[in-house]
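This is target_22.cif (mmCIF, C-alpha atoms).
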data_input
#
loop_
_atom_site.label_atom_id
_atom_site.label_comp_id
_atom_site.auth_asym_id
_atom_site.auth_seq_id
_atom_site.Cartn_x
_atom_site.Cartn_y
_atom_site.Cartn_z
CA MET A 1 9.17 32.44 -14.86
CA PRO A 2 10.69 29.15 -16.05
CA GLN A 3 14.16 29.14 -17.53
CA LEU A 4 14.10 29.00 -21.32
CA PRO A 5 14.48 27.28 -23.62
CA ALA A 6 12.84 24.30 -21.93
CA PRO A 7 13.77 20.80 -23.11
CA ASP A 8 11.22 18.86 -25.12
CA TYR A 9 9.75 15.47 -24.21
CA PRO A 10 11.40 12.38 -25.67
CA ALA A 11 9.98 11.61 -29.11
CA ASP A 12 7.84 8.67 -27.98
CA VAL A 13 6.40 10.58 -25.04
CA ARG A 14 5.73 13.62 -27.20
CA THR A 15 3.87 11.52 -29.75
CA ARG A 16 1.68 9.89 -27.10
CA LEU A 17 0.91 13.14 -25.27
CA GLU A 18 0.20 15.01 -28.49
CA ALA A 19 -2.42 12.42 -29.50
CA ASP A 20 -4.12 12.81 -26.12
CA ALA A 21 -3.87 16.59 -26.33
CA ARG A 22 -5.48 16.70 -29.78
CA GLU A 23 -8.39 14.69 -28.38
CA VAL A 24 -8.83 17.21 -25.55
CA ILE A 25 -8.51 20.27 -27.79
CA ALA A 26 -11.17 18.92 -30.17
CA ARG A 27 -13.75 19.24 -27.38
CA TYR A 28 -13.57 23.05 -27.37
CA PRO A 29 -14.60 25.62 -29.99
CA ASP A 30 -11.65 27.79 -28.93
CA SER A 31 -8.43 25.84 -28.50
CA ARG A 32 -7.11 27.97 -25.65
CA SER A 33 -10.08 26.82 -23.55
CA ALA A 34 -8.31 23.45 -23.38
CA LEU A 35 -5.44 24.85 -21.32
CA LEU A 36 -6.69 23.66 -17.92
CA PRO A 37 -7.18 20.00 -18.93
CA LEU A 38 -3.90 20.08 -20.86
CA LEU A 39 -2.09 21.19 -17.72
CA HIS A 40 -3.62 18.21 -15.91
CA LEU A 41 -2.45 16.01 -18.79
CA VAL A 42 1.20 17.07 -18.52
CA GLN A 43 0.96 16.87 -14.73
CA ALA A 44 -0.16 13.26 -15.13
CA GLU A 45 3.07 12.60 -17.01
CA GLU A 46 5.59 13.97 -14.52
CA GLY A 47 3.61 14.54 -11.33
CA HIS A 48 3.93 18.31 -11.47
CA ILE A 49 4.02 21.16 -13.98
CA THR A 50 7.50 21.29 -15.49
CA ARG A 51 9.13 23.71 -17.91
CA THR A 52 8.73 21.02 -20.56
CA GLY A 53 5.02 20.68 -19.83
CA ILE A 54 4.56 24.45 -20.07
CA ARG A 55 6.35 24.49 -23.42
CA PHE A 56 4.21 21.61 -24.67
CA CYS A 57 0.93 23.34 -23.75
CA ALA A 58 2.07 26.63 -25.27
CA GLU A 59 3.02 25.02 -28.57
CA LEU A 60 -0.19 23.01 -28.89
CA LEU A 61 -2.44 25.96 -28.06
CA ASP A 62 -0.47 28.69 -29.81
CA LEU A 63 0.10 30.55 -26.54
CA THR A 64 3.20 32.04 -25.00
CA THR A 65 4.94 30.23 -22.17
CA ALA A 66 4.21 33.32 -20.05
CA GLU A 67 0.46 32.84 -20.58
CA VAL A 68 0.65 29.16 -19.67
CA THR A 69 2.81 29.89 -16.63
CA ALA A 70 0.35 32.52 -15.39
CA VAL A 71 -2.47 29.97 -15.39
CA SER A 72 -0.45 27.09 -13.96
CA THR A 73 0.68 29.20 -11.00
CA PHE A 74 -2.81 30.55 -10.28
CA TYR A 75 -4.54 27.25 -9.44
CA SER A 76 -3.39 25.28 -6.41
CA MET A 77 -4.21 21.90 -7.98
CA TYR A 78 -1.23 22.33 -10.30
CA ARG A 79 1.96 21.36 -8.50
CA ARG A 80 5.06 23.46 -9.12
CA ARG A 81 7.57 20.92 -7.84
CA PRO A 82 7.84 17.13 -7.55
CA SER A 83 5.26 15.69 -5.18
CA GLY A 84 4.21 12.37 -3.73
CA ASP A 85 2.02 9.60 -5.06
CA TYR A 86 -0.61 10.65 -2.52
CA GLN A 87 -1.55 14.26 -1.88
CA VAL A 88 -2.84 14.33 1.70
CA GLY A 89 -4.79 17.52 2.31
CA VAL A 90 -6.07 18.44 5.75
CA CYS A 91 -8.84 21.01 5.90
CA THR A 92 -7.88 23.79 8.31
CA ASN A 93 -10.73 26.15 7.52
CA THR A 94 -12.98 27.35 10.31
CA LEU A 95 -15.32 24.44 11.00
CA CYS A 96 -12.81 21.66 10.38
CA ALA A 97 -10.21 23.53 12.43
CA VAL A 98 -12.58 23.87 15.39
CA MET A 99 -13.56 20.20 15.09
CA GLY A 100 -9.93 19.07 15.15
CA GLY A 101 -8.41 19.83 11.75
CA ASP A 102 -5.60 21.95 13.18
CA ALA A 103 -4.69 19.17 15.61
CA ILE A 104 -4.68 16.60 12.80
CA PHE A 105 -2.44 18.76 10.62
CA GLU A 106 0.06 19.42 13.41
CA ASP A 107 0.09 15.74 14.35
CA LEU A 108 0.74 14.62 10.77
CA LYS A 109 3.57 17.12 10.35
CA HIS A 110 5.25 15.67 13.43
CA HIS A 111 4.45 12.07 12.49
CA LEU A 112 5.74 12.38 8.91
CA GLY A 113 8.59 14.75 9.71
CA ILE A 114 7.61 17.20 6.97
CA GLY A 115 6.02 20.62 6.73
CA ASN A 116 3.24 22.08 4.64
CA GLY A 117 3.72 21.33 0.94
CA GLU A 118 6.62 18.97 1.59
CA THR A 119 7.04 15.33 0.57
CA THR A 120 8.29 12.35 2.53
CA GLU A 121 11.68 10.93 1.54
CA ASP A 122 10.10 7.81 0.06
CA GLY A 123 8.03 9.96 -2.33
CA ALA A 124 4.76 8.55 -1.04
CA ILE A 125 3.10 11.46 0.80
CA THR A 126 2.85 15.17 0.15
CA LEU A 127 1.17 16.95 3.05
CA GLU A 128 -0.69 20.22 2.77
CA HIS A 129 -3.36 22.20 4.53
CA ILE A 130 -6.42 23.03 2.46
CA GLU A 131 -8.65 26.03 3.03
CA CYS A 132 -11.89 24.11 2.43
CA ASN A 133 -12.76 20.62 1.27
CA ALA A 134 -16.45 21.57 0.84
CA ALA A 135 -17.51 18.83 3.26
CA CYS A 136 -18.24 20.75 6.44
CA ASP A 137 -20.97 18.31 7.47
CA PHE A 138 -18.31 15.61 7.90
CA ALA A 139 -15.70 17.74 9.68
CA PRO A 140 -12.86 17.30 10.25
CA VAL A 141 -12.09 16.06 6.74
CA VAL A 142 -8.88 14.80 5.14
CA MET A 143 -8.56 14.30 1.39
CA VAL A 144 -6.19 11.98 -0.44
CA ASN A 145 -5.89 12.78 -4.15
CA TRP A 146 -9.24 14.60 -3.82
CA GLU A 147 -11.10 11.61 -2.32
CA PHE A 148 -12.85 12.10 1.03
CA PHE A 149 -11.88 10.66 4.39
CA ASP A 150 -14.53 11.96 6.78
CA ASN A 151 -14.73 12.50 10.54
CA GLN A 152 -11.02 12.06 11.08
CA THR A 153 -8.94 12.16 14.27
CA PRO A 154 -5.18 12.44 14.71
CA GLN A 155 -5.07 8.70 15.35
CA SER A 156 -7.08 7.73 12.26
CA ALA A 157 -5.10 10.17 10.09
CA ARG A 158 -1.82 8.61 11.24
CA ARG A 159 -3.12 5.14 10.38
CA LEU A 160 -4.17 6.46 6.98
CA VAL A 161 -0.76 7.79 5.99
CA ASP A 162 1.00 4.75 7.45
CA ASP A 163 -1.17 2.45 5.33
CA LEU A 164 -0.48 4.52 2.23
CA ARG A 165 3.27 4.38 2.79
CA ALA A 166 3.13 0.63 3.41
CA GLY A 167 1.20 0.00 0.21
CA ARG A 168 -1.87 -1.32 1.98
CA THR A 169 -5.32 -0.87 0.44
CA VAL A 170 -7.03 2.29 1.65
CA ARG A 171 -10.68 2.99 0.96
CA PRO A 172 -12.17 6.49 1.07
CA THR A 173 -15.19 7.10 3.27
CA ARG A 174 -17.15 7.80 0.09
CA GLY A 175 -16.35 8.28 -3.56
CA ALA A 176 -14.24 6.33 -6.00
CA PRO A 177 -11.49 3.90 -4.94
CA LEU A 178 -8.15 5.55 -4.37
CA CYS A 179 -5.52 5.84 -7.10
CA THR A 180 -2.21 7.68 -7.47
CA PHE A 181 -1.91 11.41 -8.01
CA LYS A 182 -0.76 10.96 -11.62
CA GLU A 183 -3.77 8.75 -12.35
CA THR A 184 -6.04 11.32 -10.75
CA ALA A 185 -4.51 14.08 -12.88
CA ARG A 186 -5.23 12.14 -16.06
CA MET A 187 -8.89 11.82 -15.06
CA LEU A 188 -9.01 15.56 -14.40
CA ALA A 189 -7.69 16.03 -17.93
CA GLY A 190 -10.93 14.46 -19.11
CA PHE A 191 -10.03 10.82 -19.63
CA PRO A 192 -12.31 8.15 -18.10
CA ASP A 193 -11.39 5.95 -15.18
CA ARG A 194 -11.18 2.46 -16.70
CA ARG A 195 -11.01 0.52 -13.43
CA PRO A 196 -13.78 -2.09 -13.18
CA GLY A 197 -16.71 -1.08 -10.98
CA VAL A 198 -15.31 2.36 -10.17
CA VAL A 199 -18.38 4.29 -11.33
CA GLU A 200 -20.75 2.16 -9.28
CA ALA A 201 -18.53 2.63 -6.21
CA THR A 202 -18.75 6.41 -6.20
CA GLY A 203 -22.18 6.52 -4.52
CA GLY A 204 -24.04 9.69 -3.61
CA ALA A 205 -24.24 12.22 -0.82
CA GLY A 206 -23.88 10.96 2.73
CA PRO A 207 -26.63 11.07 5.39
CA ALA A 208 -25.21 14.19 7.05
CA SER A 209 -25.52 16.07 3.76
CA LEU A 210 -29.12 15.03 3.23
CA ILE A 211 -30.70 15.90 6.60
CA GLY A 212 -31.72 19.39 5.51
CA LEU A 213 -33.27 18.04 2.31
CA ARG A 214 -35.22 15.42 4.25
CA LEU A 215 -36.54 18.04 6.65
CA ALA A 216 -37.54 20.27 3.75
CA LYS A 217 -39.52 17.37 2.30
CA GLY A 218 -41.25 16.76 5.62
CA GLU A 219 -39.50 13.50 6.24
CA VAL A 220 -38.43 12.42 9.73
CA ALA A 221 -34.77 13.12 10.31
CA PRO A 222 -32.60 11.00 12.58
CA GLY A 223 -31.60 12.07 16.08
CA HIS A 224 -33.43 14.71 18.04
CA ALA A 225 -35.23 15.99 14.93
CA ASP A 226 -37.62 13.02 14.99
CA HIS A 227 -39.16 14.38 18.22
CA VAL A 228 -40.60 17.42 16.43
CA VAL A 229 -44.39 17.12 16.45
CA SER A 230 -46.74 19.21 14.34
CA PRO A 231 -50.49 19.51 15.06
CA ARG A 232 -52.67 17.69 12.57
CA THR A 233 -55.22 19.79 10.72
CA THR A 234 -58.68 18.21 10.45
CA ALA A 235 -61.22 18.60 7.69
CA ASP A 236 -63.00 21.25 9.78
CA GLY A 237 -59.95 23.48 9.80
CA PRO A 238 -58.66 23.79 13.43
CA PRO A 239 -55.87 21.54 14.68
CA ASP A 240 -56.96 18.18 16.02
CA GLU A 241 -55.73 18.56 19.60
CA ALA A 242 -56.96 15.10 20.52
CA GLY A 243 -55.26 13.38 17.62
CA PRO A 244 -52.12 11.31 17.99
CA SER A 245 -49.98 13.98 16.35
CA ALA A 246 -50.75 16.36 19.21
CA ALA A 247 -49.25 13.99 21.74
CA THR A 248 -45.61 13.68 22.65
CA PRO A 249 -43.58 10.75 21.23
CA ASP A 250 -44.16 8.76 24.44
CA GLY A 251 -47.93 9.20 24.25
CA GLY A 252 -48.21 11.90 26.91
CA ALA A 253 -49.93 15.24 26.66
CA PRO A 254 -48.27 17.94 24.59
CA PRO A 255 -46.40 20.65 26.48
CA ARG A 256 -48.35 23.79 27.35
CA SER A 257 -47.40 26.91 25.49
CA ASP A 258 -46.45 28.64 28.75
CA ASP A 259 -43.84 25.91 29.37
CA ALA A 260 -41.82 26.90 26.31
CA ALA A 261 -38.29 28.05 26.94
CA GLY A 262 -37.11 31.41 25.71
CA PRO A 263 -36.99 35.09 26.59
CA THR A 264 -40.13 36.85 27.70
CA GLY A 265 -41.07 40.48 27.46
CA GLU A 266 -42.89 42.78 29.84
CA GLU A 267 -46.03 42.53 27.76
CA GLY A 268 -47.57 39.16 27.07
CA GLU A 269 -45.35 37.43 29.62
#

Produce structure tokens that represent the structure in this file.
Amino acid sequence: MPQLPAPDYPADVRTRLEADAREVIARYPDSRSALLPLLHLVQAEEGHITRTGIRFCAELLDLTTAEVTAVSTFYSMYRRRPSGDYQVGVCTNTLCAVMGGDAIFEDLKHHLGIGNGETTEDGAITLEHIECNAACDFAPVVMVNWEFFDNQTPQSARRLVDDLRAGRTVRPTRGAPLCTFKETARMLAGFPDRRPGVVEATGGAGPASLIGLRLAKGEVAPGHADHVVSPRTTADGPPDEAGPSAATPDGGAPPRSDDAAGPTGEEGE
């Protein structure tokens, strides 16, 4: 529990935040439903959830500080201590770990000289392992302020954090252009990203995510999937064995059924 009483924001900051908070609260029929975006709002002010931010949310929503604290400590996206401008999260869940996520995380800890949940001395990078980035088809995945950096290696991840610390422009593999953690928190509070062209830059799902959908629609998928050949049904009903679809991609005869690989039983061998 935070120590009480918590100090209030300076008058000018309080006035500005309260105007934003009233705008958020007005979106909900029950004011307490606005707690999650309000926590993002105060996090955008100080970079983490402070005692002052908890007090502010409690007063605006007519809640106790205990109720606000319970919510702010439940969700991992709310930081409980000062953190860096860039939250670098390495997925270490099963698939990403097998594909190299564990190696990336260990390499970055050594390279940055910090552990899980810690921040570099310059305040630029906070490193953490994440249980799942919901992007298994691009494993291993690293996220910076919730933007995707796909198919990473220890080498590419080191370049990424070095560029961030040096102030060089870094572009996510997909999604919106990168911004600071405080700016990201304000967007999560429900305020639009005003940067020119940012909406157009977000794009859609990547090719790896769409292969299953393309197959379901009967489209030809890239890679080995485009060698799948289905017999063509004629107007008379039976498959057209002489048609081009019955041939292999190189024009040869289709394989015989008794050439198929797989286990065989005693009957019907």

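What the PyMOL selection byres ((chain A and resi 6-23) around 7) grabs from this file is Gln3, Leu4, Pro5, Val24, Ile25, Ala26, Leu38, Arg51, Thr52 and Arg55 of chain A.
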
Margin query: Excluding stretch 116-127 of chain A and its own-chain neighbours fewer than 6 positions away, which residues fall within 10 Å of it when counting only C-alpha atoms? Please give them as an MDAnalysis selection string.
Written below: chainID A and resid 79 81:90 105:106 108:109 144 161:162 164:167 180

Please write the residues from the selection above to a file, keeping C-alpha atoms, as an mmCIF file, in the coordinates of the input.
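Writing done, so here's selection18.cif:
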data_model
loop_
_atom_site.group_PDB
_atom_site.id
_atom_site.type_symbol
_atom_site.label_atom_id
_atom_site.label_comp_id
_atom_site.auth_asym_id
_atom_site.auth_seq_id
_atom_site.Cartn_x
_atom_site.Cartn_y
_atom_site.Cartn_z
ATOM 1 C CA ARG A 79 1.960 21.360 -8.500
ATOM 2 C CA ARG A 81 7.570 20.920 -7.840
ATOM 3 C CA PRO A 82 7.840 17.130 -7.550
ATOM 4 C CA SER A 83 5.260 15.690 -5.180
ATOM 5 C CA GLY A 84 4.210 12.370 -3.730
ATOM 6 C CA ASP A 85 2.020 9.600 -5.060
ATOM 7 C CA TYR A 86 -0.610 10.650 -2.520
ATOM 8 C CA GLN A 87 -1.550 14.260 -1.880
ATOM 9 C CA VAL A 88 -2.840 14.330 1.700
ATOM 10 C CA GLY A 89 -4.790 17.520 2.310
ATOM 11 C CA VAL A 90 -6.070 18.440 5.750
ATOM 12 C CA PHE A 105 -2.440 18.760 10.620
ATOM 13 C CA GLU A 106 0.060 19.420 13.410
ATOM 14 C CA LEU A 108 0.740 14.620 10.770
ATOM 15 C CA LYS A 109 3.570 17.120 10.350
ATOM 16 C CA VAL A 144 -6.190 11.980 -0.440
ATOM 17 C CA VAL A 161 -0.760 7.790 5.990
ATOM 18 C CA ASP A 162 1.000 4.750 7.450
ATOM 19 C CA LEU A 164 -0.480 4.520 2.230
ATOM 20 C CA ARG A 165 3.270 4.380 2.790
ATOM 21 C CA ALA A 166 3.130 0.630 3.410
ATOM 22 C CA GLY A 167 1.200 0.000 0.210
ATOM 23 C CA THR A 180 -2.210 7.680 -7.470
#

Next item on the list: Evaluate the PyMOL selection byres ((chain A and resi 194) around 12) on the structure here and hand back the selected residues as a count of residues only.
Entry: 15

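Across the chains present, the PyMOL selection byres ((chain A and resi 91) around 8) applied to this file returns Gly89, Val90, Thr92, Asn93, Cys96, Ala97, Gly101, His129, Ile130, Glu131, Cys132, Asn133, Pro140, Val141 and Val142 of chain A.
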
Next item on the list: For atom CA of A:Arg168 and atom CA of A:Glu46, determine how far apart the two atoms are, in Å to one decimal place.
Entry: 23.7 Å

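For the choices A:Thr173, A:Ser76, A:Gln152, A:Ser33, the atom-to-atom distance to A:Gly100 is smallest for A:Gln152 when using all atoms listed in the file.
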
Around stretch 183-187 of chain A, fit a box with edges along x, y and z, padding it by 3 Å on each side, then list its centre and edge lengths in Å to one decimal as JSON.
{"center_x": -6.3, "center_y": 11.4, "center_z": -13.4, "size_x": 11.1, "size_y": 11.3, "size_z": 11.3}

Margin query: Give me the residues near A:Leu36 as a PyMOL selection string, where near means some atom within 12 Å (using only C-alpha atoms) and where sequence neighbours in that chain fewer than 3 positions away do not count.
Written below: chain A and resi 21+24-25+28+31-33+39-43+49+54+57-58+61+67-75+77-78+185-186+188-190

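Atom pair atom CA of A:Arg159 / atom CA of A:Ala135: separated by 21.1 Å.
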
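Minimum atom-to-atom distances from A:Leu63, A:Gly47, A:Phe181, A:Gly113 to A:Ala34 were compared using all atoms listed in the file, and the lowest value belongs to A:Leu63.
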
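Here atom CA of A:Val98 and atom CA of A:His110 stand 19.7 Å from one another.
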
Kindly write stretch 178-213 of chain A with N, CA and C atoms to a file, as a PDB file, in the first residue's frame.
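out25.pdb was written with the following content:
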ATOM      1  N   LEU A 178       7.557   4.666 -33.836  1.00  0.00           N
ATOM      2  CA  LEU A 178       7.857   4.581 -32.413  1.00  0.00           C
ATOM      3  C   LEU A 178       7.739   5.946 -31.737  1.00  0.00           C
ATOM      4  N   CYS A 179       7.294   5.929 -30.488  1.00  0.00           N
ATOM      5  CA  CYS A 179       7.285   7.141 -29.658  1.00  0.00           C
ATOM      6  C   CYS A 179       7.678   6.736 -28.243  1.00  0.00           C
ATOM      7  N   THR A 180       7.775   7.698 -27.335  1.00  0.00           N
ATOM      8  CA  THR A 180       8.226   7.397 -25.979  1.00  0.00           C
ATOM      9  C   THR A 180       7.139   6.669 -25.190  1.00  0.00           C
ATOM     10  N   PHE A 181       7.538   6.116 -24.058  1.00  0.00           N
ATOM     11  CA  PHE A 181       6.590   5.379 -23.231  1.00  0.00           C
ATOM     12  C   PHE A 181       5.490   6.294 -22.702  1.00  0.00           C
ATOM     13  N   LYS A 182       5.831   7.514 -22.312  1.00  0.00           N
ATOM     14  CA  LYS A 182       4.820   8.451 -21.817  1.00  0.00           C
ATOM     15  C   LYS A 182       3.815   8.792 -22.918  1.00  0.00           C
ATOM     16  N   GLU A 183       4.303   8.988 -24.135  1.00  0.00           N
ATOM     17  CA  GLU A 183       3.399   9.271 -25.251  1.00  0.00           C
ATOM     18  C   GLU A 183       2.494   8.079 -25.537  1.00  0.00           C
ATOM     19  N   THR A 184       3.060   6.883 -25.438  1.00  0.00           N
ATOM     20  CA  THR A 184       2.259   5.680 -25.633  1.00  0.00           C
ATOM     21  C   THR A 184       1.174   5.570 -24.569  1.00  0.00           C
ATOM     22  N   ALA A 185       1.527   5.887 -23.321  1.00  0.00           N
ATOM     23  CA  ALA A 185       0.554   5.799 -22.231  1.00  0.00           C
ATOM     24  C   ALA A 185      -0.604   6.766 -22.448  1.00  0.00           C
ATOM     25  N   ARG A 186      -0.332   7.930 -22.978  1.00  0.00           N
ATOM     26  CA  ARG A 186      -1.417   8.876 -23.238  1.00  0.00           C
ATOM     27  C   ARG A 186      -2.361   8.337 -24.317  1.00  0.00           C
ATOM     28  N   MET A 187      -1.820   7.680 -25.323  1.00  0.00           N
ATOM     29  CA  MET A 187      -2.684   7.079 -26.343  1.00  0.00           C
ATOM     30  C   MET A 187      -3.542   5.973 -25.732  1.00  0.00           C
ATOM     31  N   LEU A 188      -2.953   5.177 -24.841  1.00  0.00           N
ATOM     32  CA  LEU A 188      -3.708   4.120 -24.185  1.00  0.00           C
ATOM     33  C   LEU A 188      -4.799   4.686 -23.274  1.00  0.00           C
ATOM     34  N   ALA A 189      -4.631   5.932 -22.853  1.00  0.00           N
ATOM     35  CA  ALA A 189      -5.671   6.591 -22.070  1.00  0.00           C
ATOM     36  C   ALA A 189      -6.852   6.997 -22.937  1.00  0.00           C
ATOM     37  N   GLY A 190      -6.683   6.909 -24.260  1.00  0.00           N
ATOM     38  CA  GLY A 190      -7.793   7.193 -25.156  1.00  0.00           C
ATOM     39  C   GLY A 190      -7.671   8.466 -25.946  1.00  0.00           C
ATOM     40  N   PHE A 191      -6.464   9.051 -25.974  1.00  0.00           N
ATOM     41  CA  PHE A 191      -6.264  10.283 -26.723  1.00  0.00           C
ATOM     42  C   PHE A 191      -5.557   9.965 -28.036  1.00  0.00           C
ATOM     43  N   PRO A 192      -5.977  10.583 -29.139  1.00  0.00           N
ATOM     44  CA  PRO A 192      -5.455  10.212 -30.457  1.00  0.00           C
ATOM     45  C   PRO A 192      -4.000  10.593 -30.646  1.00  0.00           C
ATOM     46  N   ASP A 193      -3.353   9.838 -31.521  1.00  0.00           N
ATOM     47  CA  ASP A 193      -1.973  10.123 -31.912  1.00  0.00           C
ATOM     48  C   ASP A 193      -2.025  11.190 -33.005  1.00  0.00           C
ATOM     49  N   ARG A 194      -1.509  12.363 -32.722  1.00  0.00           N
ATOM     50  CA  ARG A 194      -1.616  13.499 -33.635  1.00  0.00           C
ATOM     51  C   ARG A 194      -0.478  13.580 -34.640  1.00  0.00           C
ATOM     52  N   ARG A 195       0.455  12.652 -34.626  1.00  0.00           N
ATOM     53  CA  ARG A 195       1.584  12.732 -35.547  1.00  0.00           C
ATOM     54  C   ARG A 195       1.117  12.545 -36.993  1.00  0.00           C
ATOM     55  N   PRO A 196       1.607  13.360 -37.910  1.00  0.00           N
ATOM     56  CA  PRO A 196       1.165  13.265 -39.305  1.00  0.00           C
ATOM     57  C   PRO A 196       1.477  11.891 -39.908  1.00  0.00           C
ATOM     58  N   GLY A 197       0.484  11.321 -40.582  1.00  0.00           N
ATOM     59  CA  GLY A 197       0.678  10.072 -41.308  1.00  0.00           C
ATOM     60  C   GLY A 197       0.755   8.832 -40.457  1.00  0.00           C
ATOM     61  N   VAL A 198       0.539   8.941 -39.152  1.00  0.00           N
ATOM     62  CA  VAL A 198       0.756   7.790 -38.279  1.00  0.00           C
ATOM     63  C   VAL A 198      -0.302   6.710 -38.497  1.00  0.00           C
ATOM     64  N   VAL A 199      -1.532   7.104 -38.781  1.00  0.00           N
ATOM     65  CA  VAL A 199      -2.591   6.111 -38.982  1.00  0.00           C
ATOM     66  C   VAL A 199      -2.332   5.310 -40.253  1.00  0.00           C
ATOM     67  N   GLU A 200      -1.941   6.001 -41.314  1.00  0.00           N
ATOM     68  CA  GLU A 200      -1.659   5.318 -42.571  1.00  0.00           C
ATOM     69  C   GLU A 200      -0.481   4.363 -42.442  1.00  0.00           C
ATOM     70  N   ALA A 201       0.441   4.650 -41.539  1.00  0.00           N
ATOM     71  CA  ALA A 201       1.653   3.845 -41.392  1.00  0.00           C
ATOM     72  C   ALA A 201       1.420   2.551 -40.626  1.00  0.00           C
ATOM     73  N   THR A 202       0.277   2.409 -39.972  1.00  0.00           N
ATOM     74  CA  THR A 202       0.088   1.245 -39.118  1.00  0.00           C
ATOM     75  C   THR A 202      -0.023  -0.045 -39.920  1.00  0.00           C
ATOM     76  N   GLY A 203      -0.632  -0.007 -41.105  1.00  0.00           N
ATOM     77  CA  GLY A 203      -0.716  -1.202 -41.947  1.00  0.00           C
ATOM     78  C   GLY A 203      -1.624  -2.260 -41.369  1.00  0.00           C
ATOM     79  N   GLY A 204      -1.506  -3.468 -41.910  1.00  0.00           N
ATOM     80  CA  GLY A 204      -2.341  -4.581 -41.476  1.00  0.00           C
ATOM     81  C   GLY A 204      -1.499  -5.763 -41.051  1.00  0.00           C
ATOM     82  N   ALA A 205      -2.112  -6.932 -41.079  1.00  0.00           N
ATOM     83  CA  ALA A 205      -1.408  -8.142 -40.665  1.00  0.00           C
ATOM     84  C   ALA A 205      -0.321  -8.490 -41.679  1.00  0.00           C
ATOM     85  N   GLY A 206       0.756  -9.088 -41.205  1.00  0.00           N
ATOM     86  CA  GLY A 206       1.850  -9.477 -42.070  1.00  0.00           C
ATOM     87  C   GLY A 206       1.567 -10.772 -42.810  1.00  0.00           C
ATOM     88  N   PRO A 207       2.374 -11.090 -43.821  1.00  0.00           N
ATOM     89  CA  PRO A 207       2.140 -12.300 -44.635  1.00  0.00           C
ATOM     90  C   PRO A 207       2.091 -13.581 -43.811  1.00  0.00           C
ATOM     91  N   ALA A 208       2.949 -13.691 -42.799  1.00  0.00           N
ATOM     92  CA  ALA A 208       2.957 -14.921 -41.996  1.00  0.00           C
ATOM     93  C   ALA A 208       1.647 -15.126 -41.262  1.00  0.00           C
ATOM     94  N   SER A 209       0.967 -14.042 -40.924  1.00  0.00           N
ATOM     95  CA  SER A 209      -0.307 -14.154 -40.218  1.00  0.00           C
ATOM     96  C   SER A 209      -1.450 -14.522 -41.140  1.00  0.00           C
ATOM     97  N   LEU A 210      -1.278 -14.311 -42.436  1.00  0.00           N
ATOM     98  CA  LEU A 210      -2.373 -14.466 -43.379  1.00  0.00           C
ATOM     99  C   LEU A 210      -2.335 -15.760 -44.178  1.00  0.00           C
ATOM    100  N   ILE A 211      -1.291 -16.588 -43.993  1.00  0.00           N
ATOM    101  CA  ILE A 211      -1.178 -17.810 -44.782  1.00  0.00           C
ATOM    102  C   ILE A 211      -2.374 -18.736 -44.552  1.00  0.00           C
ATOM    103  N   GLY A 212      -2.756 -18.928 -43.306  1.00  0.00           N
ATOM    104  CA  GLY A 212      -3.890 -19.799 -43.013  1.00  0.00           C
ATOM    105  C   GLY A 212      -5.174 -19.295 -43.652  1.00  0.00           C
ATOM    106  N   LEU A 213      -5.383 -17.981 -43.618  1.00  0.00           N
ATOM    107  CA  LEU A 213      -6.575 -17.408 -44.238  1.00  0.00           C
ATOM    108  C   LEU A 213      -6.557 -17.617 -45.743  1.00  0.00           C
TER     109      LEU A 213
END
